[in-house]
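Written below as structure tokens is the structure these notes are about.
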Amino acid sequence: MSLFKNFNINKLKEGLSKTREKIFNSITETVTGKAIIDDLTIDKIEEILVSSDIGIDTAERIIEDLRKSLKSEKNRSTENILLLVKDELIKSLQVKDNSNKFLSSKPYVILIVGVNGVGKTTTIGKLANNYKKIGSKVIVGAADTFRAAANEQLDIWAKRADVDIIQSTKGADPSSIVFETIKKAVDDKYDVVLIDTAGRLHNKANLMKELDKIRRVIKKIIPDAPHETLLIVDANTGQNALIQANEFSKVTDINGLVITKLDGTAKGGVVFQIVAKQNIPIKFIGVGEGIDDLQEFDAKAFVEAIFN
Amino acid sequence: MFEDLSLKLETALKKVTGQGRLTENNISDTLREIRRILLDADVNYNVAKDFIENVKVKALGKDVIASISPGQLITKIIYDELTTLLGGGQQELQLNASGITTIMVVGLQGSGKTTFCGKLAKKLKDQKRKVLLVAADIYRPAAIEQLKLLGHQIEVEVFSLQEPDARKVAAEALSYAKEKNFNTLILDTAGRLHVDEEMMKEVLDLKTIINPTETLFVVDSMTGQDAVNSAKAFNEKVNFDGIVLTKLDGDSRGGAALSIRSVVGKPIKFISNGEKLENLEIFYPDRLASRILGKGDVVSLVEKAQASFDEFETEKLEEKLRKNKFDFDDFLKQIKLIKKMGSLSSLLGMIPGLGSQIKNAQIDDKALIKVEAIISSMTKEERSTPKILNGNRRKRIARGSGTSVQDVNRLIKQFGDMQKMIGNLSRKGLQGSMKNFKFN
């Protein structure tokens, strides 16, 4: 089931093709023709997993499980070993989506958060476009009043997606922009509200407090909003993404992840850990700078696309 | 997570304790834990592997000196190796004394190029250079606008064109700069993926056009394993001169920097933290080495202290302490040593258990600067014989150091208290307590 009509598995595969080939080639090279899995093979699999930013703990756990299941497993063919690893990875991505049903209330408020430079504004542009395409009345709020020209950047995206925007001026109080956006959304009966926030490093206490204030302002007008808070994670990010997810979760309930920049060679493997430790599902992936380069996330498709 | 790691490391180090010589057997656990620490800090898998191999070669067969524990010896080797790798070939930014200096800034999307360009422009403008910022990111919405706003804040002119070809922007900017007698041109290029052939061709063309004095590769310190791939690809294309590490004010451990340095061998020239245009810092390899090894790590603290405390100095100090002849000169030396080890707040942050408690406390590193200034304003005689510091002398010192007489009085009182404390200590047998010197 896909919410957006432009969901295109081929595009996802295309985006991950370099990754896929690399991982697939190394694994087949590793295990082809071997009846018994040896240390060298284990090392190779570890290298592949760790190189995807999955983290040494997770890699070791997967390998440990692999060893155990191979003990009782007669079939030690390449295909079967791959299947075991794949299954393990898919399993670890299966968590319940605890966000509200889409459009369960109107307006449906989505708050976008993340550290600097991960692609928050670009993601909002793509999301706005997608919601607009399925017939929703969309408004975006430029609550990044901090970075130079963040407002202008969102404005250009809003025009591209043909949605409305509440603009800000640099240095304005982000909460007031949020208030204005939510108020307009309620008064003028919008379906979807997307709030852009300033990039903030999760260890900056004041900025995290500001995020809390933004949430409170939203709740003042719509008590059960934001209906979704999405944490944007750059696929290039290493183990720090885990701490980011942890710290952002402390300030706001994160309902989902968006992985951006998956069209490069970075594999974004750290999300396996985030999903496992934070119990947050991955909702979308970004695979380019075009307005249509946002895909709905599908655990099976994602892992399949890596290995097939 | 880090506490867990340092615990494992301590357990591993215990195995080496009491051994007379480092062998493959007694260091393997330690090396395995160090490898985990490196991987956890985002050091690339293969870089970590090579690194551990190097350390092993250097460590094997080393005799353990009586005064240093085997665990400390192996950590010292690791720390030294790490610092050398990070700092080798450190260089300043190349600036032409006459004619025009051109600087090209490249990197992936969202690494912090535009913000860095603003900071560099400010720094060079403060050095009285005539700087022109050039907006060659014609792709990202409002990227030109962003640079213009930054330029406006620091009063540096920004060159831009409504033009769909970045090459043309660069070429025209260069002739404009020459015509208007700018001596420094900073080219902000679009963020690009290293696998995007068309965009990589563009960056090479830009390089040919402006023939940069310096090409800088900007990289987010939070980058993971893939850092080596992008850095390698950029380096093969534009052969950059240096690395700019951004967002180190977060809590990432910055292992990517080690990966990149190992793979491309280019120096890290700047640290770019925060969005304030003053926040451009010089890179200290030893500080990053400690960070990669982990903040709450006892071993790195001991190691850091050991590296800084020149053994000879320590012996001399012991002698003086024993004879209760600790004077202001020694005090100043100690302050300088502490500063060499990093800021007070970062030093305290490394003490396990204490780190989290003082996380939000404000520790004033400036207090040390004041103390240094006061002592520096004393004469030689005053430093070695503090007793002679009368009212007039104190007034003169306050004037000379730009502080108040109250500040001077407070320092002298604190120093007196300290001398008393040391007196007590040395009677109790300082030799022993110095040997077991530990911060916690």
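In the structure tokens, each chain is lettered A, B, ... as it comes, each chain's residues begin at 1, and ligands are numbered from 1 in order of appearance.
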- Output the contact residues of chain A with respect to chain B at a cut-off of 7 Å, based on only C-alpha atoms, as a PyMOL selection string. chain A and resi 47+50-53+55-56+117-118+148-149+152-153+156+201+203+236-240+264-266
Residue subset to file, keeping all heavy atoms, as a short mmCIF file (atom, residue, chain, number, x, y, z; two decimals), in the first residue's frame:
data_model
loop_
_atom_site.label_atom_id
_atom_site.label_comp_id
_atom_site.auth_asym_id
_atom_site.auth_seq_id
_atom_site.Cartn_x
_atom_site.Cartn_y
_atom_site.Cartn_z
N GLU A 47 32.87 -6.71 7.78
CA GLU A 47 33.35 -5.51 7.10
C GLU A 47 32.21 -4.84 6.32
O GLU A 47 32.03 -3.62 6.37
CB GLU A 47 34.50 -5.86 6.14
CG GLU A 47 34.94 -4.64 5.34
CD GLU A 47 36.05 -4.94 4.35
OE1 GLU A 47 36.63 -6.04 4.40
OE2 GLU A 47 36.32 -4.06 3.51
N VAL A 50 29.72 -3.29 8.87
CA VAL A 50 30.26 -2.11 9.55
C VAL A 50 30.42 -0.95 8.56
O VAL A 50 30.13 0.19 8.88
CB VAL A 50 31.61 -2.43 10.24
CG1 VAL A 50 32.29 -1.16 10.72
CG2 VAL A 50 31.40 -3.37 11.42
N SER A 51 30.84 -1.26 7.34
CA SER A 51 31.02 -0.21 6.33
C SER A 51 29.72 0.48 5.95
O SER A 51 29.73 1.52 5.33
CB SER A 51 31.68 -0.78 5.07
OG SER A 51 32.93 -1.30 5.40
N SER A 52 28.60 -0.14 6.31
CA SER A 52 27.32 0.50 6.00
C SER A 52 26.88 1.41 7.14
O SER A 52 25.79 1.95 7.12
CB SER A 52 26.25 -0.56 5.77
OG SER A 52 25.75 -1.03 7.01
N ASP A 53 27.75 1.59 8.16
CA ASP A 53 27.45 2.39 9.35
C ASP A 53 26.44 1.71 10.28
O ASP A 53 25.81 2.37 11.10
CB ASP A 53 26.91 3.79 8.98
CG ASP A 53 28.01 4.70 8.48
OD1 ASP A 53 29.10 4.69 9.08
OD2 ASP A 53 27.80 5.41 7.49
N GLY A 55 27.09 -0.08 12.67
CA GLY A 55 27.63 -0.07 14.04
C GLY A 55 28.20 -1.43 14.39
O GLY A 55 27.66 -2.47 14.03
N ILE A 56 29.31 -1.42 15.11
CA ILE A 56 30.03 -2.66 15.42
C ILE A 56 29.19 -3.58 16.31
O ILE A 56 29.19 -4.80 16.15
CB ILE A 56 31.44 -2.37 16.01
CG1 ILE A 56 32.21 -3.65 16.34
CG2 ILE A 56 31.40 -1.45 17.20
CD1 ILE A 56 32.72 -4.40 15.14
N GLY A 117 22.03 20.82 8.20
CA GLY A 117 22.52 20.31 6.91
C GLY A 117 22.07 18.92 6.50
O GLY A 117 22.65 18.33 5.60
N VAL A 118 21.04 18.37 7.15
CA VAL A 118 20.62 17.02 6.80
C VAL A 118 19.63 17.01 5.64
O VAL A 118 19.41 15.97 5.01
CB VAL A 118 20.00 16.26 8.00
CG1 VAL A 118 21.07 15.92 9.00
CG2 VAL A 118 18.88 17.06 8.64
N ALA A 148 20.80 31.97 7.60
CA ALA A 148 20.63 32.97 6.55
C ALA A 148 19.91 32.35 5.36
O ALA A 148 20.28 31.27 4.90
CB ALA A 148 21.98 33.52 6.13
N ALA A 149 18.85 33.02 4.89
CA ALA A 149 18.11 32.64 3.67
C ALA A 149 17.37 31.32 3.75
O ALA A 149 16.95 30.78 2.74
CB ALA A 149 19.02 32.65 2.45
N GLU A 152 13.91 32.03 2.38
CA GLU A 152 13.89 32.14 0.93
C GLU A 152 13.92 30.75 0.28
O GLU A 152 13.26 30.49 -0.71
CB GLU A 152 15.07 32.98 0.43
CG GLU A 152 14.94 34.48 0.67
CD GLU A 152 15.27 34.89 2.10
OE1 GLU A 152 15.49 34.01 2.97
OE2 GLU A 152 15.29 36.11 2.37
N GLN A 153 14.73 29.88 0.88
CA GLN A 153 14.85 28.53 0.35
C GLN A 153 13.50 27.80 0.41
O GLN A 153 13.06 27.20 -0.57
CB GLN A 153 15.90 27.76 1.16
CG GLN A 153 16.25 26.40 0.57
CD GLN A 153 17.24 25.64 1.43
OE1 GLN A 153 17.81 26.18 2.37
NE2 GLN A 153 17.44 24.38 1.12
N ILE A 156 10.98 29.16 -2.17
CA ILE A 156 11.15 28.64 -3.53
C ILE A 156 10.52 27.25 -3.65
O ILE A 156 9.81 26.94 -4.60
CB ILE A 156 12.65 28.60 -3.91
CG1 ILE A 156 13.17 30.05 -4.03
CG2 ILE A 156 12.87 27.85 -5.23
CD1 ILE A 156 14.67 30.18 -4.14
N LEU A 201 22.12 21.35 16.71
CA LEU A 201 22.87 20.23 17.24
C LEU A 201 22.19 19.87 18.55
O LEU A 201 21.86 20.74 19.35
CB LEU A 201 24.34 20.61 17.44
CG LEU A 201 25.11 20.79 16.13
CD1 LEU A 201 26.51 21.31 16.40
CD2 LEU A 201 25.21 19.48 15.35
N ASN A 203 23.05 18.76 21.25
CA ASN A 203 23.66 19.04 22.56
C ASN A 203 23.59 20.52 22.93
O ASN A 203 24.16 20.94 23.92
CB ASN A 203 25.10 18.54 22.60
CG ASN A 203 25.98 19.21 21.57
OD1 ASN A 203 25.48 19.86 20.66
ND2 ASN A 203 27.27 19.07 21.71
N ASN A 236 24.71 10.01 5.23
CA ASN A 236 26.16 10.07 5.42
C ASN A 236 26.57 10.02 6.89
O ASN A 236 27.74 9.83 7.19
CB ASN A 236 26.72 11.37 4.83
CG ASN A 236 26.68 11.36 3.32
OD1 ASN A 236 27.39 10.62 2.68
ND2 ASN A 236 25.79 12.17 2.76
N THR A 237 25.63 10.26 7.78
CA THR A 237 25.97 10.35 9.19
C THR A 237 26.36 9.00 9.77
O THR A 237 25.76 7.98 9.45
CB THR A 237 24.79 10.93 9.99
OG1 THR A 237 24.31 12.07 9.32
CG2 THR A 237 25.20 11.30 11.40
N GLY A 238 27.34 9.02 10.62
CA GLY A 238 27.79 7.79 11.26
C GLY A 238 27.05 7.54 12.56
O GLY A 238 25.86 7.84 12.69
N GLN A 239 27.77 7.04 13.56
CA GLN A 239 27.15 6.61 14.81
C GLN A 239 26.48 7.74 15.58
O GLN A 239 25.63 7.51 16.43
CB GLN A 239 28.19 5.91 15.69
CG GLN A 239 28.81 4.69 15.03
CD GLN A 239 27.77 3.73 14.49
OE1 GLN A 239 26.94 3.21 15.24
NE2 GLN A 239 27.76 3.51 13.18
N ASN A 240 26.84 8.97 15.28
CA ASN A 240 26.24 10.10 16.00
C ASN A 240 24.74 10.18 15.78
O ASN A 240 24.01 10.73 16.62
CB ASN A 240 26.93 11.41 15.61
CG ASN A 240 26.58 12.54 16.54
OD1 ASN A 240 25.86 13.46 16.17
ND2 ASN A 240 27.03 12.47 17.77
N GLY A 264 23.76 8.76 -2.96
CA GLY A 264 25.23 8.71 -3.04
C GLY A 264 25.70 7.29 -2.75
O GLY A 264 24.99 6.33 -3.01
N THR A 265 26.92 7.16 -2.18
CA THR A 265 27.41 5.83 -1.85
C THR A 265 27.21 5.51 -0.38
O THR A 265 27.48 4.40 0.05
CB THR A 265 28.90 5.68 -2.21
OG1 THR A 265 29.61 6.80 -1.68
CG2 THR A 265 29.09 5.62 -3.71
N ALA A 266 26.77 6.51 0.40
CA ALA A 266 26.55 6.25 1.82
C ALA A 266 25.35 5.34 1.97
O ALA A 266 24.39 5.43 1.22
CB ALA A 266 26.32 7.56 2.56
#
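Checking A:Glu304, A:Asp196, A:Asp87, A:Asp39 one by one against Ser175 in chain A, counting only C-alpha atoms, you find the shortest gap at A:Asp196.
Of the residues under consideration (B:Gly87, B:Ile375, B:Ile369, B:Leu60), B:Ile375 shows the shortest atom-to-atom contact distance to Ala398 in chain B when counting only C-alpha atoms.
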- Taking the DSSP assignment computed from this structure's backbone, write out as a VMD selection string all residues of range 43-146 of chain A that belong to helix (DSSP H, G or I). chain A and resid 43 to 51 56 to 71 78 to 93 120 to 133
Taking C-alpha atoms for each residue, export the selection above as a JSON list (two decimals), in the first residue's frame.
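Listed below is the output, part-v8.json:
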[["chain", "number", "residue", "atom", "x", "y", "z"],
["A", 43, "ASP", "CA", 35.24, -11.07, 8.76],
["A", 44, "LYS", "CA", 34.14, -10.13, 5.29],
["A", 45, "ILE", "CA", 30.49, -9.98, 6.31],
["A", 46, "GLU", "CA", 31.48, -7.92, 9.33],
["A", 47, "GLU", "CA", 33.35, -5.51, 7.10],
["A", 48, "ILE", "CA", 30.37, -5.13, 4.79],
["A", 49, "LEU", "CA", 28.00, -4.52, 7.67],
["A", 50, "VAL", "CA", 30.26, -2.11, 9.55],
["A", 51, "SER", "CA", 31.02, -0.21, 6.33],
["A", 56, "ILE", "CA", 30.03, -2.66, 15.42],
["A", 57, "ASP", "CA", 27.59, -3.84, 18.11],
["A", 58, "THR", "CA", 24.81, -4.57, 15.64],
["A", 59, "ALA", "CA", 27.23, -6.16, 13.18],
["A", 60, "GLU", "CA", 28.57, -8.46, 15.87],
["A", 61, "ARG", "CA", 25.09, -9.37, 17.03],
["A", 62, "ILE", "CA", 23.99, -10.24, 13.49],
["A", 63, "ILE", "CA", 27.09, -12.36, 12.99],
["A", 64, "GLU", "CA", 26.56, -14.09, 16.31],
["A", 65, "ASP", "CA", 23.01, -14.94, 15.28],
["A", 66, "LEU", "CA", 24.27, -16.08, 11.91],
["A", 67, "ARG", "CA", 26.76, -18.44, 13.53],
["A", 68, "LYS", "CA", 24.06, -19.88, 15.75],
["A", 69, "SER", "CA", 21.57, -20.43, 12.98],
["A", 70, "LEU", "CA", 24.24, -21.92, 10.74],
["A", 71, "LYS", "CA", 25.04, -24.55, 13.34],
["A", 78, "THR", "CA", 25.52, -18.33, -0.65],
["A", 79, "GLU", "CA", 21.82, -17.78, -1.16],
["A", 80, "ASN", "CA", 20.91, -19.13, 2.21],
["A", 81, "ILE", "CA", 23.51, -17.17, 4.14],
["A", 82, "LEU", "CA", 22.37, -14.02, 2.38],
["A", 83, "LEU", "CA", 18.78, -14.87, 3.16],
["A", 84, "LEU", "CA", 19.59, -15.26, 6.85],
["A", 85, "VAL", "CA", 21.37, -11.92, 7.05],
["A", 86, "LYS", "CA", 18.62, -10.25, 5.04],
["A", 87, "ASP", "CA", 15.90, -11.69, 7.22],
["A", 88, "GLU", "CA", 17.67, -10.50, 10.30],
["A", 89, "LEU", "CA", 17.95, -6.98, 8.87],
["A", 90, "ILE", "CA", 14.30, -6.85, 7.77],
["A", 91, "LYS", "CA", 13.17, -8.16, 11.13],
["A", 92, "SER", "CA", 15.05, -5.44, 12.93],
["A", 93, "LEU", "CA", 13.28, -2.76, 10.90],
["A", 120, "LYS", "CA", 15.05, 19.34, 6.31],
["A", 121, "THR", "CA", 13.91, 22.13, 4.00],
["A", 122, "THR", "CA", 14.39, 20.04, 0.85],
["A", 123, "THR", "CA", 12.39, 17.20, 2.44],
["A", 124, "ILE", "CA", 9.56, 19.60, 3.30],
["A", 125, "GLY", "CA", 9.48, 20.79, -0.30],
["A", 126, "LYS", "CA", 9.13, 17.20, -1.50],
["A", 127, "LEU", "CA", 6.55, 16.30, 1.16],
["A", 128, "ALA", "CA", 4.49, 19.39, 0.34],
["A", 129, "ASN", "CA", 4.56, 18.39, -3.31],
["A", 130, "ASN", "CA", 3.46, 14.83, -2.51],
["A", 131, "TYR", "CA", 0.57, 15.90, -0.27],
["A", 132, "LYS", "CA", -0.51, 18.51, -2.77],
["A", 133, "LYS", "CA", -0.54, 15.82, -5.48]]
- Query: Leaving out range 207-218 of chain A and any residue of its chain fewer than 3 positions from it, which residues lie within 7 Å of it when counting only C-alpha atoms, given as a PyMOL selection string?
  - Reply: chain A and resi 175+178-179+182+200+202+204+221-222+225-226+251-252
- DSSP on the backbone: what in range 6-168 of chain B comes out strand (DSSP E or B), as a PyMOL selection string? chain B and resi 21+63+101-107+131-136+157-159
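With only C-alpha atoms as the atoms that count, the residue of B:Leu82, B:Val134, B:Met378, B:Val219 with the shortest distance to Ile268 in chain B is B:Val219.
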- Query: Please, what distance in Å, to one decimal, runs between CA of Leu245 in chain B and CA of Ile154 in chain B?
  - Reply: 21.9 Å
